[in-house]
$ cat target_2.tsv   # TSV, C-alpha atoms
chain	number	residue	atom	x	y	z
A	28	MET	CA	61.58	-36.37	-1.42
A	29	LYS	CA	64.83	-34.68	-2.42
A	30	GLN	CA	66.84	-33.43	0.53
A	31	ILE	CA	66.75	-29.65	0.84
A	32	LYS	CA	70.18	-28.06	0.75
A	33	ARG	CA	69.38	-24.54	-0.41
A	34	ILE	CA	66.35	-22.31	0.19
A	35	GLY	CA	65.40	-19.33	-1.97
A	36	VAL	CA	63.59	-16.46	-0.22
A	37	TYR	CA	61.76	-13.58	-1.89
A	38	THR	CA	59.19	-10.85	-1.29
A	39	SER	CA	56.47	-10.00	-3.78
A	40	GLY	CA	53.52	-7.66	-4.16
A	41	GLY	CA	52.98	-4.65	-1.92
A	42	ASP	CA	55.62	-4.14	0.76
A	43	ALA	CA	54.68	-4.38	4.43
A	44	PRO	CA	56.54	-3.58	7.67
A	45	GLY	CA	57.95	-6.81	9.08
A	46	MET	CA	59.05	-8.31	5.76
A	47	ASN	CA	62.70	-7.67	6.59
A	48	ALA	CA	62.31	-9.33	9.97
A	49	ALA	CA	60.86	-12.39	8.22
A	50	ILE	CA	63.74	-12.45	5.71
A	51	ARG	CA	66.21	-12.28	8.60
A	52	ALA	CA	64.48	-15.17	10.40
A	53	VAL	CA	64.41	-17.35	7.26
A	54	VAL	CA	68.10	-16.76	6.52
A	55	ARG	CA	69.38	-17.36	10.03
A	56	THR	CA	67.11	-20.36	10.74
A	57	ALA	CA	68.24	-21.99	7.50
A	58	LEU	CA	71.93	-21.33	8.24
A	59	TYR	CA	71.50	-22.64	11.79
A	60	ASN	CA	70.22	-25.91	10.29
A	61	GLY	CA	73.13	-26.23	7.88
A	62	LEU	CA	71.26	-25.03	4.79
A	63	LYS	CA	72.33	-22.42	2.26
A	64	VAL	CA	70.18	-19.44	1.33
A	65	THR	CA	69.72	-17.50	-1.89
A	66	GLY	CA	68.03	-14.11	-1.85
A	67	ILE	CA	65.79	-13.55	-4.89
A	68	TYR	CA	65.49	-9.85	-5.66
A	69	ARG	CA	62.31	-8.20	-7.01
A	70	GLY	CA	60.09	-11.22	-6.48
A	71	TYR	CA	58.96	-13.15	-9.55
A	72	GLU	CA	60.52	-10.60	-11.87
A	73	GLY	CA	63.92	-11.26	-10.33
A	74	MET	CA	63.27	-15.00	-10.50
A	75	ILE	CA	62.73	-14.73	-14.26
A	76	GLU	CA	65.80	-12.52	-14.72
A	77	GLY	CA	68.04	-14.54	-12.40
A	78	ASP	CA	68.59	-11.68	-9.96
A	79	PHE	CA	69.95	-13.85	-7.14
A	80	LYS	CA	72.46	-13.33	-4.34
A	81	GLU	CA	73.99	-15.67	-1.78
A	82	MET	CA	72.91	-14.72	1.73
A	83	VAL	CA	74.91	-15.21	4.91
A	84	SER	CA	74.20	-14.21	8.48
A	85	ARG	CA	75.72	-10.75	7.97
A	86	SER	CA	73.49	-10.20	4.93
A	87	VAL	CA	70.58	-9.63	7.27
A	88	SER	CA	72.32	-7.61	9.99
A	89	SER	CA	70.49	-4.47	11.14
A	90	ILE	CA	67.39	-5.02	9.01
A	91	LEU	CA	65.03	-6.15	11.79
A	92	GLN	CA	63.90	-2.58	12.47
A	93	LYS	CA	63.61	-1.44	8.85
A	94	GLY	CA	60.39	-1.02	6.91
A	95	GLY	CA	59.97	-2.06	3.29
A	96	THR	CA	61.96	-5.02	1.97
A	97	VAL	CA	65.69	-5.28	1.34
A	98	LEU	CA	64.98	-7.90	-1.33
A	99	LYS	CA	62.79	-5.37	-3.17
A	100	SER	CA	59.47	-6.19	-4.80
A	101	ALA	CA	57.82	-5.89	-8.21
A	102	ARG	CA	54.68	-6.79	-10.09
A	103	CYS	CA	55.39	-9.37	-12.79
A	104	PRO	CA	52.77	-10.07	-15.49
A	105	GLU	CA	55.27	-12.34	-17.28
A	106	PHE	CA	55.19	-14.85	-14.40
A	107	ARG	CA	51.51	-15.41	-15.13
A	108	THR	CA	52.50	-17.08	-18.41
A	109	PRO	CA	53.86	-20.64	-18.74
A	110	GLU	CA	56.85	-19.24	-20.64
A	111	GLY	CA	57.68	-16.84	-17.82
A	112	ARG	CA	57.47	-19.56	-15.19
A	113	LYS	CA	59.67	-21.84	-17.33
A	114	LYS	CA	62.38	-19.15	-17.37
A	115	ALA	CA	62.05	-18.82	-13.60
A	116	TYR	CA	62.39	-22.57	-13.10
A	117	GLU	CA	65.48	-22.78	-15.29
A	118	ASN	CA	67.12	-20.07	-13.17
A	119	ILE	CA	66.03	-21.75	-9.93
A	120	LYS	CA	67.44	-25.07	-11.12
A	121	GLU	CA	70.72	-23.50	-12.23
A	122	ALA	CA	71.06	-21.82	-8.82
A	123	GLU	CA	70.50	-25.22	-7.15
A	124	ILE	CA	67.56	-23.92	-5.11
A	125	ASP	CA	65.58	-26.83	-3.68
A	126	ALA	CA	62.73	-24.97	-1.90
A	127	LEU	CA	61.21	-21.52	-1.66
A	128	VAL	CA	59.91	-19.19	1.03
A	129	ALA	CA	57.57	-16.56	-0.39
A	130	ILE	CA	56.59	-13.46	1.60
A	131	GLY	CA	53.61	-11.48	0.35
A	132	GLY	CA	49.86	-11.45	-0.21
A	133	ASP	CA	47.31	-13.55	-2.10
A	134	GLY	CA	48.84	-12.78	-5.51
A	135	THR	CA	52.21	-13.98	-4.23
A	136	PHE	CA	50.60	-17.11	-2.80
A	137	THR	CA	48.78	-17.88	-6.04
A	138	GLY	CA	51.98	-17.61	-8.06
A	139	ALA	CA	53.82	-19.80	-5.55
A	140	GLU	CA	51.15	-22.50	-5.67
A	141	ILE	CA	51.09	-22.67	-9.47
A	142	PHE	CA	54.89	-22.72	-9.65
A	143	SER	CA	55.13	-25.42	-6.98
A	144	GLN	CA	52.58	-27.62	-8.77
A	145	GLU	CA	54.14	-27.22	-12.21
A	146	TYR	CA	57.71	-27.94	-11.14
A	147	ASP	CA	57.30	-29.89	-7.89
A	148	ILE	CA	59.16	-27.32	-5.78
A	149	PRO	CA	58.40	-27.18	-2.04
A	150	VAL	CA	57.17	-23.73	-1.00
A	151	MET	CA	56.14	-22.10	2.25
A	152	CYS	CA	54.29	-18.77	2.16
A	153	ILE	CA	54.46	-16.09	4.86
A	154	PRO	CA	51.55	-13.58	4.84
A	155	GLY	CA	52.95	-10.08	4.42
A	156	THR	CA	50.27	-7.46	3.74
A	157	ILE	CA	48.95	-4.51	5.72
A	158	ASP	CA	45.37	-5.44	4.71
A	159	ASN	CA	45.21	-8.41	7.13
A	160	ASP	CA	42.89	-10.24	4.74
A	161	LEU	CA	44.44	-13.67	4.19
A	162	TYR	CA	42.71	-16.83	5.35
A	163	GLY	CA	44.72	-18.99	7.75
A	164	SER	CA	46.16	-16.28	9.98
A	165	ASP	CA	44.60	-13.97	12.55
A	166	TYR	CA	47.23	-11.36	11.68
A	167	THR	CA	49.42	-10.68	8.66
A	168	LEU	CA	52.81	-8.98	8.76
A	169	GLY	CA	52.50	-5.20	8.62
A	170	PHE	CA	48.90	-4.89	9.78
A	171	ASP	CA	49.74	-3.93	13.36
A	172	THR	CA	52.29	-1.33	12.25
A	173	ALA	CA	49.97	0.17	9.62
A	174	ASN	CA	47.13	0.24	12.13
A	175	ASN	CA	49.29	2.12	14.65
A	176	THR	CA	50.34	4.58	11.93
A	177	VAL	CA	46.69	5.31	11.12
A	178	ILE	CA	45.74	5.69	14.78
A	179	ASP	CA	48.57	8.18	15.29
A	180	ALA	CA	47.30	10.19	12.32
A	181	ILE	CA	43.70	10.10	13.59
A	182	ASP	CA	44.78	11.34	17.02
A	183	LYS	CA	46.52	14.32	15.40
A	184	ILE	CA	43.58	15.06	13.11
A	185	LYS	CA	41.18	14.98	16.07
A	186	ASP	CA	43.17	17.78	17.71
A	187	THR	CA	42.62	20.15	14.81
A	188	ALA	CA	39.06	18.93	14.23
A	189	ALA	CA	38.11	19.79	17.82
A	190	SER	CA	39.69	23.23	17.52
A	191	HIS	CA	37.60	24.27	14.51
A	192	ASN	CA	34.28	22.37	14.75
A	193	ARG	CA	35.30	20.25	11.78
A	194	LEU	CA	34.08	17.04	10.25
A	195	PHE	CA	37.04	15.06	8.87
A	196	PHE	CA	36.76	12.24	6.34
A	197	VAL	CA	39.95	10.20	6.67
A	198	GLU	CA	40.65	7.72	3.87
A	199	VAL	CA	42.75	4.67	4.71
A	200	MET	CA	44.01	1.76	2.61
A	201	GLY	CA	41.75	-1.21	2.05
A	202	ARG	CA	40.53	-1.76	-1.50
A	203	ASP	CA	38.86	-5.07	-0.65
A	204	SER	CA	39.38	-5.30	3.11
A	205	GLY	CA	38.12	-2.99	5.84
A	206	CYS	CA	40.42	-4.35	8.56
A	207	ILE	CA	42.54	-1.20	8.88
A	208	ALA	CA	39.50	1.09	8.74
A	209	LEU	CA	37.59	-0.95	11.32
A	210	ASN	CA	40.40	-1.43	13.84
A	211	ALA	CA	41.78	2.10	13.52
A	212	GLY	CA	38.26	3.53	13.65
A	213	VAL	CA	37.50	1.76	16.92
A	214	ALA	CA	40.89	2.59	18.45
A	215	GLY	CA	40.70	6.20	17.24
A	216	GLY	CA	37.15	6.82	18.41
A	217	ALA	CA	35.71	7.56	14.95
A	218	GLU	CA	32.03	8.47	14.78
A	219	ALA	CA	31.48	6.37	11.64
A	220	ILE	CA	33.41	3.79	9.61
A	221	MET	CA	32.81	3.11	5.91
A	222	LEU	CA	33.84	-0.43	4.91
A	223	PRO	CA	34.06	-2.30	1.57
A	224	GLU	CA	32.23	-5.24	3.15
A	225	LYS	CA	29.24	-3.12	4.24
A	226	ASP	CA	26.67	-1.19	2.21
A	227	THR	CA	26.46	1.98	4.28
A	228	ALA	CA	24.23	4.41	2.38
A	229	ILE	CA	25.04	8.12	2.40
A	230	ASP	CA	21.62	8.84	3.93
A	231	GLU	CA	22.40	6.39	6.73
A	232	LEU	CA	25.73	8.13	7.35
A	233	ILE	CA	24.02	11.52	7.45
A	234	ASP	CA	21.51	10.19	9.99
A	235	MET	CA	24.43	9.09	12.19
A	236	LEU	CA	26.06	12.50	11.88
A	237	GLU	CA	22.77	14.28	12.64
A	238	THR	CA	22.32	12.18	15.77
A	239	ALA	CA	25.87	13.00	16.88
A	240	LYS	CA	25.26	16.72	16.28
A	241	HIS	CA	22.15	16.64	18.47
A	242	ARG	CA	24.29	15.12	21.20
A	243	ASN	CA	26.41	18.29	21.04
A	244	LYS	CA	29.46	16.77	19.40
A	245	THR	CA	31.54	19.69	18.19
A	246	SER	CA	33.75	17.72	15.83
A	247	MET	CA	33.70	14.31	14.20
A	248	ILE	CA	35.87	11.80	12.36
A	249	VAL	CA	34.61	9.44	9.65
A	250	ILE	CA	36.98	6.70	8.51
A	251	VAL	CA	36.57	5.68	4.86
A	252	ALA	CA	38.27	2.58	3.46
A	253	GLU	CA	39.45	3.29	-0.10
A	254	GLY	CA	37.32	0.40	-1.37
A	255	ASP	CA	34.07	1.62	0.17
A	256	LYS	CA	31.22	1.20	-2.32
A	257	ASN	CA	30.26	4.90	-2.11
A	258	GLY	CA	33.63	5.92	-3.56
A	259	GLY	CA	36.67	7.48	-1.89
A	260	ALA	CA	36.65	10.00	0.91
A	261	TYR	CA	36.37	13.02	-1.42
A	262	HIS	CA	33.29	11.58	-3.09
A	263	VAL	CA	31.66	10.66	0.23
A	264	ALA	CA	32.44	14.09	1.70
A	265	LYS	CA	30.95	15.85	-1.34
A	266	ARG	CA	27.72	13.87	-1.15
A	267	VAL	CA	27.39	14.42	2.59
A	268	ASN	CA	28.00	18.16	2.18
A	269	GLU	CA	25.11	18.41	-0.27
A	270	LYS	CA	22.69	17.46	2.51
A	271	PHE	CA	24.54	18.16	5.75
A	272	ASP	CA	26.67	21.30	6.08
A	273	TYR	CA	26.65	21.91	9.83
A	274	TYR	CA	30.41	21.34	10.14
A	275	ASP	CA	33.40	22.68	8.26
A	276	THR	CA	34.27	19.57	6.23
A	277	LYS	CA	37.81	18.43	5.44
A	278	VAL	CA	39.29	15.36	3.75
A	279	SER	CA	42.59	13.67	4.58
A	280	ILE	CA	44.02	10.86	2.41
A	281	LEU	CA	46.66	8.95	4.38
A	282	GLY	CA	47.92	7.03	1.34
A	283	HIS	CA	51.20	5.17	1.23
A	284	LEU	CA	52.54	6.45	4.53
A	285	GLN	CA	50.53	3.52	5.93
A	286	ARG	CA	52.94	1.07	4.26
A	287	GLY	CA	56.17	2.57	5.55
A	288	GLY	CA	57.92	2.94	8.86
A	289	SER	CA	59.73	0.76	11.34
A	290	PRO	CA	57.70	-2.35	12.22
A	291	SER	CA	56.09	-2.53	15.63
A	292	SER	CA	57.32	-4.94	18.29
A	293	PHE	CA	54.35	-7.19	17.51
A	294	ASP	CA	55.21	-7.36	13.80
A	295	ARG	CA	58.90	-7.99	14.49
A	296	VAL	CA	58.17	-10.90	16.81
A	297	LEU	CA	55.45	-12.31	14.55
A	298	ALA	CA	57.72	-12.13	11.49
A	299	THR	CA	60.55	-13.83	13.34
A	300	ARG	CA	58.29	-16.64	14.54
A	301	MET	CA	56.82	-17.12	11.06
A	302	GLY	CA	60.21	-17.16	9.32
A	303	TYR	CA	61.57	-19.68	11.83
A	304	PHE	CA	58.47	-21.86	11.46
A	305	ALA	CA	58.51	-21.74	7.64
A	306	VAL	CA	62.06	-23.08	7.38
A	307	ASN	CA	61.43	-25.83	9.90
A	308	GLU	CA	58.27	-26.91	8.07
A	309	LEU	CA	60.28	-27.28	4.86
A	310	ILE	CA	62.87	-29.36	6.71
A	311	LYS	CA	60.07	-31.58	8.05
A	312	GLY	CA	58.76	-32.17	4.52
A	313	ASN	CA	55.85	-29.72	4.27
A	314	ARG	CA	55.72	-28.96	0.53
A	315	SER	CA	52.92	-26.44	-0.02
A	316	ALA	CA	51.53	-24.35	2.82
A	317	THR	CA	51.09	-20.94	4.36
A	318	VAL	CA	52.26	-19.90	7.80
A	319	GLY	CA	49.84	-18.16	10.15
A	320	ILE	CA	49.06	-17.32	13.74
A	321	ARG	CA	45.86	-18.49	15.37
A	322	GLY	CA	45.46	-17.38	18.93
A	323	SER	CA	49.03	-17.51	20.17
A	324	GLN	CA	50.14	-20.50	18.10
A	325	ILE	CA	52.02	-20.47	14.79
A	326	VAL	CA	50.34	-22.96	12.44
A	327	SER	CA	50.41	-24.04	8.80
A	328	THR	CA	47.50	-24.14	6.36
A	329	SER	CA	47.67	-25.85	2.98
A	330	LEU	CA	47.96	-23.40	0.11
A	331	GLU	CA	44.86	-24.90	-1.49
A	332	GLU	CA	42.77	-24.27	1.62
A	333	ALA	CA	44.23	-20.82	2.17
A	334	LEU	CA	43.46	-19.71	-1.38
A	335	ARG	CA	40.19	-21.50	-2.05
A	336	GLY	CA	38.89	-23.18	1.09
A	337	LYS	CA	37.36	-20.20	2.87
A	338	GLU	CA	37.23	-16.44	2.52
A	339	PHE	CA	38.64	-14.11	5.12
A	340	LYS	CA	35.80	-12.65	7.18
A	341	LEU	CA	35.64	-9.23	8.84
A	342	ASP	CA	35.18	-9.29	12.62
A	343	GLU	CA	31.42	-8.74	12.87
A	344	GLU	CA	31.53	-8.33	16.64
A	345	LEU	CA	33.99	-5.46	16.26
A	346	VAL	CA	31.62	-3.85	13.72
A	347	THR	CA	28.84	-4.00	16.32
A	348	ILE	CA	31.18	-2.65	19.00
A	349	SER	CA	32.08	0.31	16.79
A	350	GLN	CA	28.40	1.19	16.50
A	351	VAL	CA	27.78	0.86	20.25
A	352	MET	CA	30.76	3.11	21.03
A	353	ASN	CA	29.29	5.90	18.87
A	354	ILE	CA	26.21	6.62	20.97
$ encode --input "target_2.tsv" --output "structure tokens"
Amino acid sequence: MKQIKRIGVYTSGGDAPGMNAAIRAVVRTALYNGLKVTGIYRGYEGMIEGDFKEMVSRSVSSILQKGGTVLKSARCPEFRTPEGRKKAYENIKEAEIDALVAIGGDGTFTGAEIFSQEYDIPVMCIPGTIDNDLYGSDYTLGFDTANNTVIDAIDKIKDTAASHNRLFFVEVMGRDSGCIALNAGVAGGAEAIMLPEKDTAIDELIDMLETAKHRNKTSMIVIVAEGDKNGGAYHVAKRVNEKFDYYDTKVSILGHLQRGGSPSSFDRVLATRMGYFAVNELIKGNRSATVGIRGSQIVSTSLEEALRGKEFKLDEELVTISQVMNI
């Protein structure tokens, strides 16, 4: 195996709080071990266009607390083509980059695996997505921060809901994953949670709301993941209103505010541990893996297993708990 002298680091896909903390950890761990670091801007798009910059310790000063990503991010259809990846490799080779650290979600991981296999480049992937839906890690970067953002919004909405006998449908991010909806719903005391992984019929939801009304609940919150099979919050609210109009019904779409903001302490520490671990795994000779946390331990999972071995599963016990808490 060729000795690693320079690591390239990049972020790709949707941004997530904690990405900057991971970049900082990768840069400083690499420098501590005598390696050089190149920042690749705008993910795979920047790799194809050669948008690179030498990174030193001061390059990552005062970014630990910042949301988003200082290396920027972009979607890049061209990287899905052999011609696009060939351009990227030529730029990587010219920049004398020997290994890569990719920070992002499953699309980022898939691109990294294909690129690594085609051109024999060692790569370590750090899971950065607020959806918390990647196999191999109990938590992904940004999930804790996004979850806290949603809980804060729910708490505020509950104040106005209680003041006006209102039923609020709050839509949160989660096209394919209900992790934010489930965790924020339990922590925020929601009366019902609509998840992409569950087929909750509108009639079933109305039955739950009717039961709550008979228990003299004067206001209620329903959390709807954007990927729920009944449609978004507006569609669900409209269908419920056709059969159940006891409450003044309102809809709140939280949208992209869930992505932004300063990362929580948990995300900062997790990102730092993952960045440190990723660099050290490359130094040890690990050539194709993801970094994750299981329990309290930082571990690696092969990219093949992470992408195809098993699917991420929703916490079924927490689903049951959410139902018990709504009596």
$ closest_residue --input "target_2.tsv" --among "A:Cys152, A:Ala49, A:Ala129, A:Leu62" --to "Ala333 in chain A" --atoms "all atoms listed in the file"
A:Cys152
$ closest_residue --input "target_2.tsv" --among "A:Gly258, A:Met151, A:Val249, A:Gln285" --to "Met200 in chain A" --atoms "only C-alpha atoms"
A:Gln285
$ atom_distance --input "target_2.tsv" --atom1 "CA of Val267 in chain A" --atom2 "CA of Phe196 in chain A"
10.3 Å
$ closest_residue --input "target_2.tsv" --among "A:Cys103, A:Met74, A:Leu91, A:Met352" --to "Ala239 in chain A" --atoms "all atoms listed in the file"
A:Met352
$ residues_around --input "target_2.tsv" --residues "range 273-277 of chain A" --least-positions-apart "5" --cutoff "10 Å" --atoms "all atoms listed in the file" --output "MDAnalysis selection string"
chainID A and resid 188 191:197 236:237 240 245:248 260:261 264:265 267:268
$ atom_distance --input "target_2.tsv" --atom1 "CA of Ser349 in chain A" --atom2 "CA of Val213 in chain A"
5.6 Å
$ atom_distance --input "target_2.tsv" --atom1 "CA of Val97 in chain A" --atom2 "CA of Thr137 in chain A"
22.3 Å
$ closest_residue --input "target_2.tsv" --among "A:Lys244, A:Gly288, A:Ser329, A:Gly111" --to "Ala189 in chain A" --atoms "all atoms listed in the file"
A:Lys244
$ residues_near_point --input "target_2.tsv" --point "(61.3, -16.7, -15.4)" --cutoff "8 Å" --atoms "only C-alpha atoms" --output "list in words"
Tyr71, Glu72, Gly73, Met74, Ile75, Glu76, Gly77, Glu105, Phe106, Glu110, Gly111, Arg112, Lys113, Lys114, Ala115, Tyr116, Glu117 and Asn118 of chain A
$ closest_residue --input "target_2.tsv" --among "A:Val64, A:Val177, A:Ala217, A:Leu330" --to "Phe79 in chain A" --atoms "only C-alpha atoms"
A:Val64
$ residues_around --input "target_2.tsv" --residues "range 290-306 of chain A" --least-positions-apart "6" --cutoff "9 Å" --atoms "all atoms listed in the file" --output "PyMOL selection string"
chain A and resi 34+43-57+91-94+128+150-155+166-173+175+316-320+325-327
$ write_last_selection --input "target_2.tsv" --atoms "C-alpha atoms" --output "mmCIF file, in the coordinates of the input"
data_model
loop_
_atom_site.group_PDB
_atom_site.id
_atom_site.type_symbol
_atom_site.label_atom_id
_atom_site.label_comp_id
_atom_site.auth_asym_id
_atom_site.auth_seq_id
_atom_site.Cartn_x
_atom_site.Cartn_y
_atom_site.Cartn_z
ATOM 1 C CA ILE A 34 66.350 -22.310 0.190
ATOM 2 C CA ALA A 43 54.680 -4.380 4.430
ATOM 3 C CA PRO A 44 56.540 -3.580 7.670
ATOM 4 C CA GLY A 45 57.950 -6.810 9.080
ATOM 5 C CA MET A 46 59.050 -8.310 5.760
ATOM 6 C CA ASN A 47 62.700 -7.670 6.590
ATOM 7 C CA ALA A 48 62.310 -9.330 9.970
ATOM 8 C CA ALA A 49 60.860 -12.390 8.220
ATOM 9 C CA ILE A 50 63.740 -12.450 5.710
ATOM 10 C CA ARG A 51 66.210 -12.280 8.600
ATOM 11 C CA ALA A 52 64.480 -15.170 10.400
ATOM 12 C CA VAL A 53 64.410 -17.350 7.260
ATOM 13 C CA VAL A 54 68.100 -16.760 6.520
ATOM 14 C CA ARG A 55 69.380 -17.360 10.030
ATOM 15 C CA THR A 56 67.110 -20.360 10.740
ATOM 16 C CA ALA A 57 68.240 -21.990 7.500
ATOM 17 C CA LEU A 91 65.030 -6.150 11.790
ATOM 18 C CA GLN A 92 63.900 -2.580 12.470
ATOM 19 C CA LYS A 93 63.610 -1.440 8.850
ATOM 20 C CA GLY A 94 60.390 -1.020 6.910
ATOM 21 C CA VAL A 128 59.910 -19.190 1.030
ATOM 22 C CA VAL A 150 57.170 -23.730 -1.000
ATOM 23 C CA MET A 151 56.140 -22.100 2.250
ATOM 24 C CA CYS A 152 54.290 -18.770 2.160
ATOM 25 C CA ILE A 153 54.460 -16.090 4.860
ATOM 26 C CA PRO A 154 51.550 -13.580 4.840
ATOM 27 C CA GLY A 155 52.950 -10.080 4.420
ATOM 28 C CA TYR A 166 47.230 -11.360 11.680
ATOM 29 C CA THR A 167 49.420 -10.680 8.660
ATOM 30 C CA LEU A 168 52.810 -8.980 8.760
ATOM 31 C CA GLY A 169 52.500 -5.200 8.620
ATOM 32 C CA PHE A 170 48.900 -4.890 9.780
ATOM 33 C CA ASP A 171 49.740 -3.930 13.360
ATOM 34 C CA THR A 172 52.290 -1.330 12.250
ATOM 35 C CA ALA A 173 49.970 0.170 9.620
ATOM 36 C CA ASN A 175 49.290 2.120 14.650
ATOM 37 C CA ALA A 316 51.530 -24.350 2.820
ATOM 38 C CA THR A 317 51.090 -20.940 4.360
ATOM 39 C CA VAL A 318 52.260 -19.900 7.800
ATOM 40 C CA GLY A 319 49.840 -18.160 10.150
ATOM 41 C CA ILE A 320 49.060 -17.320 13.740
ATOM 42 C CA ILE A 325 52.020 -20.470 14.790
ATOM 43 C CA VAL A 326 50.340 -22.960 12.440
ATOM 44 C CA SER A 327 50.410 -24.040 8.800
#
$ closest_residue --input "target_2.tsv" --among "A:Ser86, A:Asn60, A:Thr176, A:Thr108" --to "Glu145 in chain A" --atoms "all atoms listed in the file"
A:Thr108
$ closest_atom_pairs --input "target_2.tsv" --of "range 245-275 of chain A" --to "range 222-235 of chain A" --cutoff "9 Å" --atoms "only C-alpha atoms" --output "Markdown table"
| residue | atom | partner | partner_atom | distance |
| --- | --- | --- | --- | --- |
| A:Ile250 | CA | A:Leu222 | CA | 8.6 |
| A:Val251 | CA | A:Leu222 | CA | 6.7 |
| A:Ala252 | CA | A:Leu222 | CA | 5.5 |
| A:Glu253 | CA | A:Pro223 | CA | 7.9 |
| A:Gly254 | CA | A:Pro223 | CA | 5.2 |
| A:Asp255 | CA | A:Pro223 | CA | 4.2 |
| A:Lys256 | CA | A:Pro223 | CA | 6.0 |
| A:Asn257 | CA | A:Ala228 | CA | 7.5 |
| A:Val263 | CA | A:Ile229 | CA | 7.4 |
| A:Arg266 | CA | A:Ile229 | CA | 7.3 |
| A:Val267 | CA | A:Ile233 | CA | 6.6 |
| A:Lys270 | CA | A:Ile233 | CA | 7.8 |
| A:Phe271 | CA | A:Ile233 | CA | 6.9 |
$ residues_around --input "target_2.tsv" --residues "Ala101 in chain A" --least-positions-apart "4" --cutoff "7 Å" --atoms "all atoms listed in the file" --output "list of chain:residue names"
A:Ser39, A:Gly40, A:Arg69, A:Gly70, A:Glu72
$ decode --input "target_2.tsv" --residues "range 228-233 of chain A" --atoms "all heavy atoms" --output "mmCIF file, in the first residue's frame"
data_model
loop_
_atom_site.group_PDB
_atom_site.id
_atom_site.type_symbol
_atom_site.label_atom_id
_atom_site.label_comp_id
_atom_site.auth_asym_id
_atom_site.auth_seq_id
_atom_site.Cartn_x
_atom_site.Cartn_y
_atom_site.Cartn_z
ATOM 1 N N ALA A 228 -53.468 4.903 8.791
ATOM 2 C CA ALA A 228 -54.588 5.370 7.992
ATOM 3 C C ALA A 228 -55.181 6.629 8.630
ATOM 4 O O ALA A 228 -55.099 6.831 9.843
ATOM 5 C CB ALA A 228 -55.648 4.279 7.882
ATOM 6 N N ILE A 229 -55.805 7.461 7.794
ATOM 7 C CA ILE A 229 -56.440 8.672 8.297
ATOM 8 C C ILE A 229 -57.538 8.326 9.301
ATOM 9 O O ILE A 229 -57.675 8.988 10.341
ATOM 10 C CB ILE A 229 -57.020 9.504 7.139
ATOM 11 C CG1 ILE A 229 -55.898 10.000 6.219
ATOM 12 C CG2 ILE A 229 -57.825 10.694 7.671
ATOM 13 C CD1 ILE A 229 -54.898 10.929 6.877
ATOM 14 N N ASP A 230 -58.311 7.275 9.032
ATOM 15 C CA ASP A 230 -59.362 6.865 9.967
ATOM 16 C C ASP A 230 -58.785 6.466 11.311
ATOM 17 O O ASP A 230 -59.370 6.741 12.368
ATOM 18 C CB ASP A 230 -60.168 5.699 9.381
ATOM 19 C CG ASP A 230 -61.063 6.139 8.235
ATOM 20 O OD1 ASP A 230 -61.334 7.356 8.132
ATOM 21 O OD2 ASP A 230 -61.471 5.272 7.432
ATOM 22 N N GLU A 231 -57.630 5.812 11.280
ATOM 23 C CA GLU A 231 -56.950 5.432 12.530
ATOM 24 C C GLU A 231 -56.504 6.664 13.296
ATOM 25 O O GLU A 231 -56.638 6.733 14.530
ATOM 26 C CB GLU A 231 -55.740 4.546 12.207
ATOM 27 C CG GLU A 231 -54.997 4.021 13.416
ATOM 28 C CD GLU A 231 -53.780 3.189 13.048
ATOM 29 O OE1 GLU A 231 -53.656 2.811 11.857
ATOM 30 O OE2 GLU A 231 -52.952 2.930 13.943
ATOM 31 N N LEU A 232 -55.982 7.656 12.576
ATOM 32 C CA LEU A 232 -55.574 8.908 13.215
ATOM 33 C C LEU A 232 -56.780 9.610 13.831
ATOM 34 O O LEU A 232 -56.711 10.107 14.960
ATOM 35 C CB LEU A 232 -54.899 9.819 12.187
ATOM 36 C CG LEU A 232 -54.537 11.236 12.654
ATOM 37 C CD1 LEU A 232 -53.544 11.191 13.817
ATOM 38 C CD2 LEU A 232 -53.963 12.049 11.497
ATOM 39 N N ILE A 233 -57.883 9.646 13.105
ATOM 40 C CA ILE A 233 -59.091 10.295 13.632
ATOM 41 C C ILE A 233 -59.581 9.585 14.891
ATOM 42 O O ILE A 233 -60.011 10.236 15.854
ATOM 43 C CB ILE A 233 -60.188 10.317 12.545
ATOM 44 C CG1 ILE A 233 -59.784 11.283 11.418
ATOM 45 C CG2 ILE A 233 -61.541 10.730 13.144
ATOM 46 C CD1 ILE A 233 -60.694 11.243 10.217
#
